Amino acid sequence: MIPLPKTLSLTKVHEKLGRLNEIESDNLTLDFSKTTFSDPIASLFVIRWVDAARALGVKVTPHWGSFKEGKRVDDLDEHSRWMFYNGTSGFRSALETGYVAPFEENPKTAGRYVKYQEIKLDEFRQLREDGDDGAARLSVRNFADSLGTQAFGKSKDVQKFRRCLAELVENVVWYAGPAARCFVMSQLRPLSAPEQEGLFIKGFEAELKLEIAIADDGVGLLDTLLDSPGVNDHESAIEMAVTPGVSSTQGNDRGFGLALLREAAGLGGSMYIATNNDEDAGALVEVTPDCRPRKIHYPLSGTFVGVSILPQLVKLDEIEKRLHAQVGRMHRTLDVN
C-alpha cells in the first residue's frame, strides 16, 4: 500500500508513486484516506500514472477512507469535503473505472472547474489531413473558447487565458503524433487563508487561483524539437519549448502559448512541464521564472503541462507585447549578424 500525503501536490505524488519500472507487485493499493486537498495538476498526474501502471498489467486499487455524512458540504470534515470534490471533478471515477467524462456544460459548476476528460481530437486531425490548417486551428480555438468558459467563467481576469489553452491543445494536434490522446483538468478557486498570507509576505495580493493541467501520450517534446539548435535531451527541449516564438509552424502569433503561461506563473504562481518519448528516462522541470529549476524523472510517455496562475495579477496583453518585442529584437540582431 502506498500512503498518499494530506496535500497532493505534483512533487509529492511524484515522490510517492515513483518510477513505473520499479513497481514490485502486480497488486497495488493507493491510500487516500488521509488526503484533504489536491489540485488538478496533481490529480491529472495521478490518473495518468495509474493508467500507465494498469497498461503494464498492475492492478491498482484506490482506498478512499471514511466519508462523514453531512447536510451541507461545509458540514463535512476536510477529508470528506475533498472526497465530495473529487466525486464531482471526475478524479474518483477515473481511478476506479477508467471512465472519461464527456465535455458538457453544467450551470452549477461552470466557471469553477473542468472535469477530468479526454479531448476528442479526431475532428481537428481530419481537417489537417484534408490540408486545411486554418480551419483546423479555428476549430481548436472555438473548442477552447467553449472549454475556457466552463473552466474560467466569464470574468475578464481569466477569460484572457483561453487563447493559451487553445495553443496547448493545438500543440497536441500538431506535434504529439497521429495516435496521441489529450487529457485536461482545471480549476478556478478562491485562495485559502494560508495561501493569501504567503502571497502577502511576498508582496502579492489576490483572491483567486487558476490551475490548468493538460497531458498527452504522444511523442514528447524532444522528438518534436530535436532539429532546434541546442536541443539534445529532455531538459533542453523543455527550455526551448518555453522560449517565445519557438514553433514548428509558420505565423507571427505562433510559439507564445507556453512562454505566456510561464511569465504569468511568475507572479505568485508556478509552472511545471514534463516530457518523455517512451524510450528513455524523461524529465519533469519546474519552469517558473526566477525559480531554481527542479529536474526530476518523468515516468510517463508524452508531455504534461501544469500551471497555476493568479489571474488578477496578470496583465496578459502587456506580457504578450513584451515577448513579441523580445523576439523582434532577436530577429533584428540575427539579420544584422
# chains A, B, ... in the order shown; residues from 1 in each chain; ligands from 1
call {"tool": "residues_around", "arguments": {"residues": "Leu4 of chain A", "least_positions_apart": "5", "cutoff": "10 Å", "atoms": "only C-alpha atoms", "output": "short mmCIF file (atom, residue, chain, number, x, y, z; two decimals) with C-alpha atoms, in the first residue's frame"}}
result
data_model
loop_
_atom_site.label_atom_id
_atom_site.label_comp_id
_atom_site.auth_asym_id
_atom_site.auth_seq_id
_atom_site.Cartn_x
_atom_site.Cartn_y
_atom_site.Cartn_z
CA LYS A 12 4.74 15.00 -3.51
CA VAL A 13 2.75 12.48 -5.54
CA GLU A 15 7.89 11.21 -4.94
CA LYS A 16 5.35 8.74 -3.56
CA LEU A 17 4.48 6.96 -6.80
CA LEU A 30 -3.13 3.77 -3.24
CA ASP A 31 -4.23 5.00 0.19
CA PHE A 32 -6.02 8.39 0.04
CA SER A 33 -7.61 8.05 3.49
CA LYS A 34 -5.58 10.95 4.97
CA THR A 35 -5.81 13.26 1.95
#
call {"tool": "residues_around", "arguments": {"residues": "Ala283 of chain A", "least_positions_apart": "6", "cutoff": "7 Å", "atoms": "only C-alpha atoms", "output": "JSON, numbers by chain"}}
result
{"A": [234, 235, 274, 275, 276, 295, 296, 297, 298]}
call {"tool": "write_last_selection", "arguments": {"atoms": "N, CA and C atoms", "output": "PDB file, in the first residue's frame"}}
result
ATOM      1  N   HIS A 234      15.877  15.891 -22.880  1.00  0.00           N
ATOM      2  CA  HIS A 234      14.549  16.340 -22.472  1.00  0.00           C
ATOM      3  C   HIS A 234      14.579  17.725 -21.818  1.00  0.00           C
ATOM      4  N   GLU A 235      15.607  17.976 -20.992  1.00  0.00           N
ATOM      5  CA  GLU A 235      15.678  19.266 -20.305  1.00  0.00           C
ATOM      6  C   GLU A 235      15.849  20.421 -21.283  1.00  0.00           C
ATOM      7  N   ALA A 274       6.633  18.452 -18.157  1.00  0.00           N
ATOM      8  CA  ALA A 274       7.286  17.148 -18.158  1.00  0.00           C
ATOM      9  C   ALA A 274       7.170  16.549 -19.548  1.00  0.00           C
ATOM     10  N   THR A 275       8.168  15.754 -19.930  1.00  0.00           N
ATOM     11  CA  THR A 275       8.120  15.119 -21.239  1.00  0.00           C
ATOM     12  C   THR A 275       8.926  13.832 -21.239  1.00  0.00           C
ATOM     13  N   ASN A 276       8.530  12.910 -22.113  1.00  0.00           N
ATOM     14  CA  ASN A 276       9.220  11.640 -22.270  1.00  0.00           C
ATOM     15  C   ASN A 276       8.841  11.087 -23.642  1.00  0.00           C
ATOM     16  N   LYS A 295      14.657  19.456 -11.455  1.00  0.00           N
ATOM     17  CA  LYS A 295      14.554  18.479 -12.524  1.00  0.00           C
ATOM     18  C   LYS A 295      14.466  17.081 -11.921  1.00  0.00           C
ATOM     19  N   ILE A 296      13.369  16.394 -12.182  1.00  0.00           N
ATOM     20  CA  ILE A 296      13.179  15.053 -11.668  1.00  0.00           C
ATOM     21  C   ILE A 296      12.678  14.146 -12.789  1.00  0.00           C
ATOM     22  N   HIS A 297      12.771  12.861 -12.574  1.00  0.00           N
ATOM     23  CA  HIS A 297      12.384  11.876 -13.585  1.00  0.00           C
ATOM     24  C   HIS A 297      10.879  11.931 -13.847  1.00  0.00           C
ATOM     25  N   TYR A 298      10.496  11.843 -15.121  1.00  0.00           N
ATOM     26  CA  TYR A 298       9.081  11.769 -15.502  1.00  0.00           C
ATOM     27  C   TYR A 298       8.818  10.397 -16.094  1.00  0.00           C
TER      28      TYR A 298
END
call {"tool": "residues_around", "arguments": {"residues": "Thr303 of chain A", "least_positions_apart": "6", "cutoff": "8 Å", "atoms": "only C-alpha atoms", "output": "VMD selection string"}}
result
chain A and resid 215 to 221 273 to 276
call {"tool": "residues_around", "arguments": {"residues": "Arg54 of chain A", "least_positions_apart": "4", "cutoff": "12 Å", "atoms": "only C-alpha atoms", "output": "number ranges by chain"}}
result
A: 20, 23, 25-28, 47-50, 58-61, 95-98
call {"tool": "residues_around", "arguments": {"residues": "segment 171-184 of chain A", "least_positions_apart": "2", "cutoff": "9 Å", "atoms": "only C-alpha atoms", "output": "NGL selection string"}}
result
:A and (40 or 44 or 48 or 114-121 or 124-125 or 128 or 140 or 166-169 or 186 or 212-221 or 224 or 248-249 or 302-303)
call {"tool": "write_last_selection", "arguments": {"atoms": "C-alpha atoms", "output": "mmCIF file, in the first residue's frame"}}
result
data_model
loop_
_atom_site.group_PDB
_atom_site.id
_atom_site.type_symbol
_atom_site.label_atom_id
_atom_site.label_comp_id
_atom_site.auth_asym_id
_atom_site.auth_seq_id
_atom_site.Cartn_x
_atom_site.Cartn_y
_atom_site.Cartn_z
ATOM 1 C CA PRO A 40 -5.935 19.452 -10.863
ATOM 2 C CA LEU A 44 -4.141 14.534 -13.551
ATOM 3 C CA ARG A 48 -2.073 9.255 -15.950
ATOM 4 C CA VAL A 114 -13.420 21.333 -15.878
ATOM 5 C CA LYS A 115 -13.923 17.670 -15.037
ATOM 6 C CA TYR A 116 -11.240 15.199 -15.961
ATOM 7 C CA GLN A 117 -11.859 14.381 -19.591
ATOM 8 C CA GLU A 118 -10.289 13.301 -22.830
ATOM 9 C CA ILE A 119 -10.417 15.931 -25.554
ATOM 10 C CA LYS A 120 -11.579 14.320 -28.766
ATOM 11 C CA LEU A 121 -9.063 15.289 -31.442
ATOM 12 C CA PHE A 124 -9.170 18.676 -35.722
ATOM 13 C CA ARG A 125 -6.917 15.968 -37.196
ATOM 14 C CA ARG A 128 -5.396 18.858 -41.036
ATOM 15 C CA VAL A 140 -9.458 24.256 -31.950
ATOM 16 C CA ALA A 166 -6.138 26.811 -27.297
ATOM 17 C CA GLU A 167 -2.425 26.742 -28.109
ATOM 18 C CA LEU A 168 -1.847 23.949 -25.582
ATOM 19 C CA VAL A 169 -4.486 21.854 -27.375
ATOM 20 C CA SER A 186 -8.673 22.691 -14.484
ATOM 21 C CA ILE A 212 -4.683 24.140 -15.524
ATOM 22 C CA ALA A 213 -3.310 20.684 -16.302
ATOM 23 C CA ILE A 214 -3.117 19.194 -19.791
ATOM 24 C CA ALA A 215 -1.367 15.982 -20.817
ATOM 25 C CA ASP A 216 -0.928 13.790 -23.862
ATOM 26 C CA ASP A 217 0.579 10.375 -24.513
ATOM 27 C CA GLY A 218 2.333 11.365 -27.730
ATOM 28 C CA VAL A 219 5.943 11.505 -28.885
ATOM 29 C CA GLY A 220 7.158 14.136 -26.396
ATOM 30 C CA LEU A 221 8.928 17.470 -26.805
ATOM 31 C CA THR A 224 9.317 17.474 -31.807
ATOM 32 C CA SER A 248 7.393 24.273 -35.902
ATOM 33 C CA THR A 249 4.588 26.043 -37.797
ATOM 34 C CA GLY A 302 4.168 12.215 -23.904
ATOM 35 C CA THR A 303 4.033 15.742 -22.498
#
call {"tool": "closest_residue", "arguments": {"among": "A:Glu318, A:Thr36, A:Asp130, A:Met185", "to": "Phe84 of chain A", "atoms": "only C-alpha atoms"}}
result
A:Thr36
call {"tool": "closest_residue", "arguments": {"among": "A:Arg19, A:His14, A:Lys6, A:Arg162", "to": "Ala281 of chain A", "atoms": "only C-alpha atoms"}}
result
A:Arg19
call {"tool": "atom_distance", "arguments": {"atom1": "atom CA of Glu170 of chain A", "atom2": "atom CA of Asp227 of chain A"}}
result
19.8 Å
call {"tool": "select_by_dssp", "arguments": {"residues": "segment 160-189 of chain A", "states": "strand (DSSP E or B)", "output": "list in words"}}
result
Cys182, Phe183, Val184, Met185, Ser186, Gln187, Leu188 and Arg189 of chain A
